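J.: Below is upload.pdb; it holds PDB, C-alpha atoms and all ligand atoms.
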ATOM      1  CA  MET A   1     -11.457  -0.644  14.118  1.00  0.00           C
ATOM      2  CA  LYS A   2     -10.920   1.669  17.093  1.00  0.00           C
ATOM      3  CA  LYS A   3      -9.060   4.905  16.362  1.00  0.00           C
ATOM      4  CA  ILE A   4      -7.038   7.174  18.604  1.00  0.00           C
ATOM      5  CA  SER A   5      -6.640  10.812  17.679  1.00  0.00           C
ATOM      6  CA  ILE A   6      -3.096  12.153  17.635  1.00  0.00           C
ATOM      7  CA  LEU A   7      -2.903  15.855  16.743  1.00  0.00           C
ATOM      8  CA  SER A   8      -6.334  15.434  15.126  1.00  0.00           C
ATOM      9  CA  ILE A   9      -5.290  12.470  12.991  1.00  0.00           C
ATOM     10  CA  PRO A  10      -7.255   9.302  13.729  1.00  0.00           C
ATOM     11  CA  ILE A  11      -4.731   6.471  14.089  1.00  0.00           C
ATOM     12  CA  ALA A  12      -5.886   2.853  13.943  1.00  0.00           C
ATOM     13  CA  ASP A  13      -5.426   1.220  17.341  1.00  0.00           C
ATOM     14  CA  THR A  14      -4.553  -2.285  16.314  1.00  0.00           C
ATOM     15  CA  THR A  15      -1.724  -4.769  16.064  1.00  0.00           C
ATOM     16  CA  LYS A  16       0.090  -5.472  12.826  1.00  0.00           C
ATOM     17  CA  LYS A  17      -1.319  -8.987  12.684  1.00  0.00           C
ATOM     18  CA  GLU A  18      -4.894  -7.885  13.327  1.00  0.00           C
ATOM     19  CA  PHE A  19      -4.565  -5.065  10.805  1.00  0.00           C
ATOM     20  CA  VAL A  20      -3.212  -7.244   7.979  1.00  0.00           C
ATOM     21  CA  ASN A  21      -5.920  -9.769   8.663  1.00  0.00           C
ATOM     22  CA  THR A  22      -8.688  -7.156   8.529  1.00  0.00           C
ATOM     23  CA  VAL A  23      -7.473  -5.371   5.411  1.00  0.00           C
ATOM     24  CA  THR A  24      -6.689  -8.446   3.336  1.00  0.00           C
ATOM     25  CA  LYS A  25     -10.041 -10.046   4.124  1.00  0.00           C
ATOM     26  CA  GLN A  26     -12.169  -7.051   3.198  1.00  0.00           C
ATOM     27  CA  ASN A  27     -13.529  -6.624  -0.286  1.00  0.00           C
ATOM     28  CA  GLY A  28     -13.179  -3.387  -2.179  1.00  0.00           C
ATOM     29  CA  GLN A  29     -10.641  -0.637  -1.818  1.00  0.00           C
ATOM     30  CA  ALA A  30      -8.489   0.178   1.180  1.00  0.00           C
ATOM     31  CA  TRP A  31      -6.188   3.191   1.283  1.00  0.00           C
ATOM     32  CA  ILE A  32      -3.581   2.981   4.019  1.00  0.00           C
ATOM     33  CA  VAL A  33      -1.327   5.784   5.245  1.00  0.00           C
ATOM     34  CA  THR A  34       1.601   4.745   7.400  1.00  0.00           C
ATOM     35  CA  ALA A  35       2.134   7.838   9.509  1.00  0.00           C
ATOM     36  CA  ASN A  36       5.521   8.596  11.013  1.00  0.00           C
ATOM     37  CA  PRO A  37       6.053  11.773  13.081  1.00  0.00           C
ATOM     38  CA  GLU A  38       7.132  13.686   9.924  1.00  0.00           C
ATOM     39  CA  ILE A  39       3.807  12.865   8.267  1.00  0.00           C
ATOM     40  CA  ILE A  40       1.846  13.948  11.353  1.00  0.00           C
ATOM     41  CA  MET A  41       3.817  17.212  11.519  1.00  0.00           C
ATOM     42  CA  LEU A  42       3.319  17.771   7.782  1.00  0.00           C
ATOM     43  CA  ALA A  43      -0.417  17.383   8.314  1.00  0.00           C
ATOM     44  CA  LYS A  44      -0.234  20.076  10.979  1.00  0.00           C
ATOM     45  CA  GLU A  45       1.514  22.432   8.534  1.00  0.00           C
ATOM     46  CA  LEU A  46      -0.439  21.659   5.376  1.00  0.00           C
ATOM     47  CA  PRO A  47      -4.240  21.649   5.716  1.00  0.00           C
ATOM     48  CA  HIS A  48      -4.709  19.975   2.338  1.00  0.00           C
ATOM     49  CA  TYR A  49      -2.423  17.147   3.435  1.00  0.00           C
ATOM     50  CA  LYS A  50      -4.296  16.758   6.686  1.00  0.00           C
ATOM     51  CA  ASN A  51      -7.520  16.435   4.690  1.00  0.00           C
ATOM     52  CA  LEU A  52      -5.931  13.676   2.643  1.00  0.00           C
ATOM     53  CA  LEU A  53      -5.104  11.760   5.805  1.00  0.00           C
ATOM     54  CA  LEU A  54      -8.679  12.217   7.007  1.00  0.00           C
ATOM     55  CA  ASP A  55      -9.886  10.765   3.692  1.00  0.00           C
ATOM     56  CA  ALA A  56      -7.706   7.648   3.925  1.00  0.00           C
ATOM     57  CA  ASP A  57      -9.371   4.458   5.143  1.00  0.00           C
ATOM     58  CA  TYR A  58      -6.638   3.685   7.642  1.00  0.00           C
ATOM     59  CA  VAL A  59      -3.803   5.667   9.158  1.00  0.00           C
ATOM     60  CA  VAL A  60      -1.419   3.452  11.120  1.00  0.00           C
ATOM     61  CA  ALA A  61       1.421   4.388  13.448  1.00  0.00           C
ATOM     62  CA  ASP A  62       4.656   3.953  11.527  1.00  0.00           C
ATOM     63  CA  GLY A  63       7.277   5.167  13.939  1.00  0.00           C
ATOM     64  CA  ILE A  64       7.912   4.717  17.607  1.00  0.00           C
ATOM     65  CA  GLY A  65       7.450   8.491  18.023  1.00  0.00           C
ATOM     66  CA  VAL A  66       3.752   8.168  17.218  1.00  0.00           C
ATOM     67  CA  VAL A  67       3.332   5.354  19.738  1.00  0.00           C
ATOM     68  CA  ILE A  68       5.214   7.351  22.415  1.00  0.00           C
ATOM     69  CA  GLY A  69       3.053  10.384  21.585  1.00  0.00           C
ATOM     70  CA  SER A  70      -0.083   8.308  22.130  1.00  0.00           C
ATOM     71  CA  LYS A  71       1.209   7.224  25.562  1.00  0.00           C
ATOM     72  CA  LEU A  72       1.948  10.819  26.542  1.00  0.00           C
ATOM     73  CA  LEU A  73      -1.562  11.773  25.515  1.00  0.00           C
ATOM     74  CA  GLY A  74      -2.956   9.057  27.778  1.00  0.00           C
ATOM     75  CA  HIS A  75      -4.344   6.850  24.989  1.00  0.00           C
ATOM     76  CA  PRO A  76      -1.591   4.347  24.242  1.00  0.00           C
ATOM     77  CA  LEU A  77      -1.715   2.689  20.839  1.00  0.00           C
ATOM     78  CA  LYS A  78      -1.358  -1.092  20.875  1.00  0.00           C
ATOM     79  CA  GLU A  79       1.633  -1.319  18.581  1.00  0.00           C
ATOM     80  CA  ARG A  80       3.850   0.347  16.033  1.00  0.00           C
ATOM     81  CA  ILE A  81       3.057  -0.748  12.448  1.00  0.00           C
ATOM     82  CA  PRO A  82       5.954   0.154  10.143  1.00  0.00           C
ATOM     83  CA  GLY A  83       5.125   0.600   6.461  1.00  0.00           C
ATOM     84  CA  TYR A  84       8.083  -1.466   5.342  1.00  0.00           C
ATOM     85  CA  GLU A  85       6.914  -4.387   7.468  1.00  0.00           C
ATOM     86  CA  LEU A  86       3.396  -4.018   6.065  1.00  0.00           C
ATOM     87  CA  VAL A  87       4.800  -4.307   2.532  1.00  0.00           C
ATOM     88  CA  HIS A  88       6.326  -7.654   3.526  1.00  0.00           C
ATOM     89  CA  GLU A  89       3.157  -8.801   5.268  1.00  0.00           C
ATOM     90  CA  PHE A  90       1.016  -7.996   2.237  1.00  0.00           C
ATOM     91  CA  LEU A  91       3.469  -9.690  -0.122  1.00  0.00           C
ATOM     92  CA  ALA A  92       3.375 -12.796   2.075  1.00  0.00           C
ATOM     93  CA  VAL A  93      -0.433 -12.866   2.018  1.00  0.00           C
ATOM     94  CA  ALA A  94      -0.456 -12.222  -1.746  1.00  0.00           C
ATOM     95  CA  SER A  95       1.985 -15.063  -2.294  1.00  0.00           C
ATOM     96  CA  ALA A  96      -0.118 -17.424  -0.179  1.00  0.00           C
ATOM     97  CA  VAL A  97      -3.313 -16.640  -2.104  1.00  0.00           C
ATOM     98  CA  GLY A  98      -1.289 -16.802  -5.315  1.00  0.00           C
ATOM     99  CA  VAL A  99      -0.812 -20.527  -4.741  1.00  0.00           C
ATOM    100  CA  HIS A 100      -4.537 -20.932  -4.243  1.00  0.00           C
ATOM    101  CA  LYS A 101      -5.305 -18.790  -7.268  1.00  0.00           C
ATOM    102  CA  GLY A 102      -3.029 -20.945  -9.438  1.00  0.00           C
ATOM    103  CA  GLN A 103      -4.875 -24.056  -8.327  1.00  0.00           C
ATOM    104  CA  SER A 104      -8.323 -22.583  -8.888  1.00  0.00           C
ATOM    105  CA  ALA A 105      -7.276 -21.263 -12.300  1.00  0.00           C
ATOM    106  CA  GLU A 106      -6.305 -24.815 -13.259  1.00  0.00           C
ATOM    107  CA  ALA A 107      -9.597 -26.125 -11.948  1.00  0.00           C
ATOM    108  CA  ASP A 108     -11.442 -23.412 -13.857  1.00  0.00           C
ATOM    109  CA  SER A 109      -9.770 -24.260 -17.130  1.00  0.00           C
ATOM    110  CA  ALA A 110     -10.364 -27.978 -16.505  1.00  0.00           C
ATOM    111  CA  ASN A 111     -14.022 -27.175 -16.180  1.00  0.00           C
ATOM    112  CA  ASN A 112     -13.789 -25.016 -19.265  1.00  0.00           C
ATOM    113  CA  ARG A 113     -14.903 -21.973 -17.350  1.00  0.00           C
ATOM    114  CA  GLN A 114     -13.445 -18.531 -17.677  1.00  0.00           C
ATOM    115  CA  SER A 115     -12.152 -16.786 -14.610  1.00  0.00           C
ATOM    116  CA  THR A 116     -12.777 -13.063 -14.776  1.00  0.00           C
ATOM    117  CA  HIS A 117     -10.782 -10.447 -12.978  1.00  0.00           C
ATOM    118  CA  SER A 118     -13.648  -9.213 -10.826  1.00  0.00           C
ATOM    119  CA  ASN A 119     -14.430 -12.796  -9.817  1.00  0.00           C
ATOM    120  CA  SER A 120     -10.906 -13.425  -8.682  1.00  0.00           C
ATOM    121  CA  GLN A 121     -10.921 -10.185  -6.680  1.00  0.00           C
ATOM    122  CA  ALA A 122     -14.307 -10.879  -5.161  1.00  0.00           C
ATOM    123  CA  ILE A 123     -13.182 -14.231  -3.747  1.00  0.00           C
ATOM    124  CA  GLY A 124     -10.169 -12.589  -2.180  1.00  0.00           C
ATOM    125  CA  ALA A 125      -7.515 -14.159  -4.419  1.00  0.00           C
ATOM    126  CA  ARG A 126      -5.492 -10.972  -4.487  1.00  0.00           C
ATOM    127  CA  ASN A 127      -1.921 -11.384  -5.641  1.00  0.00           C
ATOM    128  CA  LYS A 128      -1.418  -8.766  -8.375  1.00  0.00           C
ATOM    129  CA  ILE A 129       1.052  -6.075  -7.381  1.00  0.00           C
ATOM    130  CA  PHE A 130       1.928  -2.743  -9.001  1.00  0.00           C
ATOM    131  CA  MET A 131       4.986  -0.861  -7.706  1.00  0.00           C
ATOM    132  CA  TYR A 132       5.288   2.858  -8.411  1.00  0.00           C
ATOM    133  CA  GLY A 133       8.101   5.171  -7.340  1.00  0.00           C
ATOM    134  CA  GLY A 134      11.785   5.504  -6.650  1.00  0.00           C
ATOM    135  CA  LYS A 135      14.626   6.383  -8.965  1.00  0.00           C
ATOM    136  CA  PRO A 136      14.732   4.735 -12.409  1.00  0.00           C
ATOM    137  CA  GLY A 137      15.386   0.996 -12.056  1.00  0.00           C
ATOM    138  CA  ILE A 138      14.662   0.856  -8.315  1.00  0.00           C
ATOM    139  CA  ALA A 139      11.053  -0.382  -8.509  1.00  0.00           C
ATOM    140  CA  ALA A 140      12.089  -3.031 -11.057  1.00  0.00           C
ATOM    141  CA  LYS A 141      14.904  -4.208  -8.795  1.00  0.00           C
ATOM    142  CA  ALA A 142      12.602  -4.155  -5.753  1.00  0.00           C
ATOM    143  CA  ALA A 143      10.091  -6.216  -7.755  1.00  0.00           C
ATOM    144  CA  GLU A 144      12.784  -8.750  -8.593  1.00  0.00           C
ATOM    145  CA  MET A 145      13.795  -9.051  -4.933  1.00  0.00           C
ATOM    146  CA  ALA A 146      10.150  -9.335  -3.836  1.00  0.00           C
ATOM    147  CA  LYS A 147       9.474 -12.074  -6.374  1.00  0.00           C
ATOM    148  CA  ALA A 148      12.552 -13.986  -5.198  1.00  0.00           C
ATOM    149  CA  GLN A 149      11.206 -13.937  -1.654  1.00  0.00           C
ATOM    150  CA  TYR A 150       7.477 -14.366  -2.346  1.00  0.00           C
ATOM    151  CA  ALA A 151       7.284 -16.772  -5.264  1.00  0.00           C
ATOM    152  CA  ASN A 152       3.554 -16.643  -5.979  1.00  0.00           C
ATOM    153  CA  ILE A 153       3.052 -12.916  -6.185  1.00  0.00           C
ATOM    154  CA  ASP A 154       2.239 -11.548  -9.618  1.00  0.00           C
ATOM    155  CA  ILE A 155       4.014  -8.240 -10.197  1.00  0.00           C
ATOM    156  CA  VAL A 156       1.929  -6.866 -13.026  1.00  0.00           C
ATOM    157  CA  GLY A 157       3.931  -3.677 -13.504  1.00  0.00           C
ATOM    158  CA  VAL A 158       6.396  -1.148 -12.167  1.00  0.00           C
ATOM    159  CA  ALA A 159       7.064   2.539 -12.829  1.00  0.00           C
ATOM    160  CA  ASP A 160       9.743   4.862 -11.556  1.00  0.00           C
ATOM    161  CA  GLY A 161       8.798   8.009  -9.695  1.00  0.00           C
ATOM    162  CA  TYR A 162      10.517  10.594 -11.877  1.00  0.00           C
ATOM    163  CA  GLY A 163       9.261  10.147 -15.441  1.00  0.00           C
ATOM    164  CA  GLY A 164       6.026  10.894 -17.243  1.00  0.00           C
ATOM    165  CA  ASP A 165       3.792  13.911 -17.054  1.00  0.00           C
ATOM    166  CA  GLY A 166       4.785  14.990 -13.551  1.00  0.00           C
ATOM    167  CA  ASN A 167       1.410  14.346 -11.943  1.00  0.00           C
ATOM    168  CA  GLY A 168       1.454  10.602 -12.415  1.00  0.00           C
ATOM    169  CA  ASP A 169      -1.667  10.444 -14.596  1.00  0.00           C
ATOM    170  CA  GLU A 170       0.086   8.268 -17.175  1.00  0.00           C
ATOM    171  CA  VAL A 171       1.288   5.866 -14.522  1.00  0.00           C
ATOM    172  CA  ALA A 172      -2.206   5.709 -13.047  1.00  0.00           C
ATOM    173  CA  ALA A 173      -3.723   4.872 -16.441  1.00  0.00           C
ATOM    174  CA  LYS A 174      -1.099   2.206 -17.100  1.00  0.00           C
ATOM    175  CA  ALA A 175      -1.493   0.713 -13.635  1.00  0.00           C
ATOM    176  CA  ALA A 176      -5.304   0.783 -13.663  1.00  0.00           C
ATOM    177  CA  ALA A 177      -5.370  -1.146 -16.955  1.00  0.00           C
ATOM    178  CA  LEU A 178      -3.440  -3.916 -15.193  1.00  0.00           C
ATOM    179  CA  THR A 179      -6.070  -4.129 -12.399  1.00  0.00           C
ATOM    180  CA  PRO A 180      -3.625  -4.656  -9.541  1.00  0.00           C
ATOM    181  CA  ASP A 181      -4.794  -5.828  -6.133  1.00  0.00           C
ATOM    182  CA  TYR A 182      -2.029  -3.926  -4.355  1.00  0.00           C
ATOM    183  CA  VAL A 183      -0.597  -0.571  -5.426  1.00  0.00           C
ATOM    184  CA  PHE A 184       2.519   0.414  -3.501  1.00  0.00           C
ATOM    185  CA  VAL A 185       3.481   4.047  -4.037  1.00  0.00           C
ATOM    186  CA  ALA A 186       7.009   5.122  -3.110  1.00  0.00           C
ATOM    187  CA  LEU A 187       7.083   8.858  -3.801  1.00  0.00           C
ATOM    188  CA  GLY A 188       7.604  10.101  -0.241  1.00  0.00           C
ATOM    189  CA  ALA A 189       5.184  12.357   1.632  1.00  0.00           C
ATOM    190  CA  PRO A 190       3.164  14.311   0.610  1.00  0.00           C
ATOM    191  CA  LYS A 191       3.489  13.214  -3.038  1.00  0.00           C
ATOM    192  CA  GLN A 192       2.477   9.600  -2.544  1.00  0.00           C
ATOM    193  CA  GLU A 193      -0.705  10.493  -0.659  1.00  0.00           C
ATOM    194  CA  GLU A 194      -1.544  13.204  -3.217  1.00  0.00           C
ATOM    195  CA  TRP A 195      -1.182  10.687  -6.049  1.00  0.00           C
ATOM    196  CA  ILE A 196      -3.317   8.085  -4.292  1.00  0.00           C
ATOM    197  CA  ALA A 197      -6.033  10.638  -3.478  1.00  0.00           C
ATOM    198  CA  ALA A 198      -6.128  11.882  -7.069  1.00  0.00           C
ATOM    199  CA  HIS A 199      -6.224   8.411  -8.635  1.00  0.00           C
ATOM    200  CA  ARG A 200      -7.859   6.103  -6.119  1.00  0.00           C
ATOM    201  CA  ASP A 201     -11.111   5.960  -8.086  1.00  0.00           C
ATOM    202  CA  GLN A 202      -9.232   4.081 -10.803  1.00  0.00           C
ATOM    203  CA  PHE A 203      -8.508   1.229  -8.370  1.00  0.00           C
ATOM    204  CA  PRO A 204     -11.826   0.238  -6.835  1.00  0.00           C
ATOM    205  CA  TYR A 205     -10.582  -3.142  -5.588  1.00  0.00           C
ATOM    206  CA  ALA A 206      -7.009  -2.368  -4.613  1.00  0.00           C
ATOM    207  CA  ILE A 207      -5.145  -1.965  -1.378  1.00  0.00           C
ATOM    208  CA  LEU A 208      -3.305   1.342  -1.927  1.00  0.00           C
ATOM    209  CA  MET A 209      -0.419   2.312   0.300  1.00  0.00           C
ATOM    210  CA  GLY A 210       2.288   4.988   0.315  1.00  0.00           C
ATOM    211  CA  VAL A 211       5.526   3.208   1.178  1.00  0.00           C
ATOM    212  CA  GLY A 212       8.146   5.990   1.306  1.00  0.00           C
ATOM    213  CA  GLY A 213      11.657   4.641   0.887  1.00  0.00           C
ATOM    214  CA  SER A 214      10.616   0.961   1.009  1.00  0.00           C
ATOM    215  CA  PHE A 215      11.691   0.155  -2.559  1.00  0.00           C
ATOM    216  CA  ASP A 216      15.137   1.559  -1.823  1.00  0.00           C
ATOM    217  CA  ILE A 217      15.450  -0.898   1.084  1.00  0.00           C
ATOM    218  CA  LEU A 218      13.850  -3.806  -0.766  1.00  0.00           C
ATOM    219  CA  SER A 219      16.076  -3.339  -3.813  1.00  0.00           C
ATOM    220  CA  GLY A 220      19.139  -3.572  -1.560  1.00  0.00           C
TER
HETATM  221  N1  LIG A 301      10.662   9.745  -4.949  1.00  0.00           N
HETATM  222  C1  LIG A 301      10.153   9.571  -6.217  1.00  0.00           C
HETATM  223  N2  LIG A 301       9.759  10.666  -6.914  1.00  0.00           N
HETATM  224  C2  LIG A 301       9.823  11.912  -6.411  1.00  0.00           C
HETATM  225  C3  LIG A 301      10.316  12.073  -5.099  1.00  0.00           C
HETATM  226  C4  LIG A 301      10.717  10.968  -4.366  1.00  0.00           C
HETATM  227  O1  LIG A 301      10.063   8.450  -6.709  1.00  0.00           O
HETATM  228  O2  LIG A 301       9.457  12.850  -7.107  1.00  0.00           O
HETATM  229  C5  LIG A 301      11.084   8.536  -4.210  1.00  0.00           C
HETATM  230  C6  LIG A 301      12.533   8.539  -3.764  1.00  0.00           C
HETATM  231  O3  LIG A 301      13.358   8.056  -4.802  1.00  0.00           O
HETATM  232  C7  LIG A 301      12.476   7.596  -2.571  1.00  0.00           C
HETATM  233  C8  LIG A 301      11.057   7.793  -2.041  1.00  0.00           C
HETATM  234  O4  LIG A 301      10.357   8.508  -3.029  1.00  0.00           O
HETATM  235  O5  LIG A 301      12.615   6.266  -3.000  1.00  0.00           O
HETATM  236  C9  LIG A 301      10.957   8.647  -0.795  1.00  0.00           C
HETATM  237  O6  LIG A 301      11.789   8.192   0.123  1.00  0.00           O
HETATM  238  P1  LIG A 301      11.915   8.896   1.533  1.00  0.00           P
HETATM  239  O7  LIG A 301      12.882   8.084   2.275  1.00  0.00           O
HETATM  240  O8  LIG A 301      12.136  10.366   1.368  1.00  0.00           O
HETATM  241  O9  LIG A 301      10.461   8.731   2.085  1.00  0.00           O
HETATM  242  P2  LIG A 301      10.002   8.549   3.534  1.00  0.00           P
HETATM  243  O10 LIG A 301      10.101   7.086   3.808  1.00  0.00           O
HETATM  244  O11 LIG A 301      10.909   9.398   4.387  1.00  0.00           O
HETATM  245  O12 LIG A 301       8.601   9.063   3.437  1.00  0.00           O
END
Can you present the structure in this file as structure tokens?
Ligand code: UDP
T.:
Amino acid sequence: MKKISILSIPIADTTKKEFVNTVTKQNGQAWIVTANPEIIMLAKELPHYKNLLLDADYVVADGIGVVIGSKLLGHPLKERIPGYELVHEFLAVASAVGVHKGQSAEADSANNRQSTHSNSQAIGARNKIFMYGGKPGIAAKAAEMAKAQYANIDIVGVADGYGGDGNGDEVAAKAAALTPDYVFVALGAPKQEEWIAAHRDQFPYAILMGVGGSFDILSG
């Protein structure tokens, strides 16, 4: 995927549709940062945060300011890709494969075969979601709303963003044991990227994405 550098951050030059298609079809882990102008400015101020963005698999332009910036720099990005819209896109894809997964699970049991987790991930039947972040009760409410809209997603767990040991290790252990295919992290920047960077090795097959205030919106 072509990248365009904005203030030394390589931003994926793609459309939302193309991006969702690429990421959901690839095997293995994908860490996505949805960069709004605040995130790009934060990376300018905090070298460790900038390094995190450079370590991510994809940084996309969340925010019209980033797209305008790219035009001013003479390398216009194709499209704005808002994080909140990506959450919906991924949930839609997860729900669609969830139908398929249900059918193949029935076929598997009819054939008396056992479907293992790594098998289901390898064939791209990714519909297990973990939602981390927000005030107590928000992720659970967001999960409820998501499930109402995308019937075949499997929300394997939620955690709020204020409890536990402070560095999120407990949440990471709990989430990793549930082997989610998508981990949405709503802790705001830079916390969400710091958590993903510190714990990504525990999720070798997941799509990991910091989603800012998305659960607040989703929960209504
Ligand atoms: N948050 C959290 N734990 C924290 C700090 C923030 O769970 O220690 C949550 C907060 O409740 C909110 C989200 O992180 O739901 C950040 O939202 P914000 O709108 O600030 O993020 P942005 O979209 O601007 O990055």
J.: Residues within 8 Å of ligand LIG 301 (chain A) (only C-alpha atoms and all ligand atoms), as a ChimeraX atom specification?
T.: /A:38-39,132-135,138,160-162,186-189,191-192,211-216
J.: Could you write out as a list in words the residues that the PyMOL selection byres (((chain A and resi 145) around 12) and not hetatm) matches in the shown file?
T.: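 So the PyMOL selection byres (((chain A and resi 145) around 12) and not hetatm) ends up selecting His88, Leu91, Ile138, Ala139, Ala140, Lys141, Ala142, Ala143, Glu144, Ala146, Lys147, Ala148, Gln149, Tyr150, Ala151, Ile153, Ile155, Phe215, Asp216, Ile217, Leu218, Ser219 and Gly220 of chain A.
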J.: Any chance you can output those residues with C-alpha atoms as an mmCIF file, in the coordinates of the input?
T.:
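result-v4.cif, written as the output of this step:
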data_model
loop_
_atom_site.group_PDB
_atom_site.id
_atom_site.type_symbol
_atom_site.label_atom_id
_atom_site.label_comp_id
_atom_site.auth_asym_id
_atom_site.auth_seq_id
_atom_site.Cartn_x
_atom_site.Cartn_y
_atom_site.Cartn_z
ATOM 1 C CA HIS A 88 6.326 -7.654 3.526
ATOM 2 C CA LEU A 91 3.469 -9.690 -0.122
ATOM 3 C CA ILE A 138 14.662 0.856 -8.315
ATOM 4 C CA ALA A 139 11.053 -0.382 -8.509
ATOM 5 C CA ALA A 140 12.089 -3.031 -11.057
ATOM 6 C CA LYS A 141 14.904 -4.208 -8.795
ATOM 7 C CA ALA A 142 12.602 -4.155 -5.753
ATOM 8 C CA ALA A 143 10.091 -6.216 -7.755
ATOM 9 C CA GLU A 144 12.784 -8.750 -8.593
ATOM 10 C CA ALA A 146 10.150 -9.335 -3.836
ATOM 11 C CA LYS A 147 9.474 -12.074 -6.374
ATOM 12 C CA ALA A 148 12.552 -13.986 -5.198
ATOM 13 C CA GLN A 149 11.206 -13.937 -1.654
ATOM 14 C CA TYR A 150 7.477 -14.366 -2.346
ATOM 15 C CA ALA A 151 7.284 -16.772 -5.264
ATOM 16 C CA ILE A 153 3.052 -12.916 -6.185
ATOM 17 C CA ILE A 155 4.014 -8.240 -10.197
ATOM 18 C CA PHE A 215 11.691 0.155 -2.559
ATOM 19 C CA ASP A 216 15.137 1.559 -1.823
ATOM 20 C CA ILE A 217 15.450 -0.898 1.084
ATOM 21 C CA LEU A 218 13.850 -3.806 -0.766
ATOM 22 C CA SER A 219 16.076 -3.339 -3.813
ATOM 23 C CA GLY A 220 19.139 -3.572 -1.560
#
J.: Given the choices A:Arg126, A:Lys78, A:Lys3, A:Lys71, which gets closest to Gln26 (chain A) if the distance is worked out from all atoms listed in the file?
T.: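 Once distances to Gln26 (chain A) are computed over all atoms listed in the file, the minimum belongs to A:Arg126.
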J.: Measuring between all atoms listed in the file, which one of A:Pro76, A:Pro10, A:Pro82, A:Pro136 shows the shortest distance to Ala43 (chain A)?
T.: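 Answer, going by the shortest atom-to-atom distance: A:Pro10.
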J.: In Å, with one decimal, what is the gap from CA of Asp165 (chain A) to CA of Pro190 (chain A)?
T.: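 Those two atoms sit 17.7 Å apart.
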J.: Return the single residue from A:Ala175, A:Val23, A:Leu7, A:Ala92 that is closest to Ile40 (chain A), with distances computed using all atoms listed in the file.
T.: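 Closest to Ile40 (chain A) of all the choices is A:Leu7.
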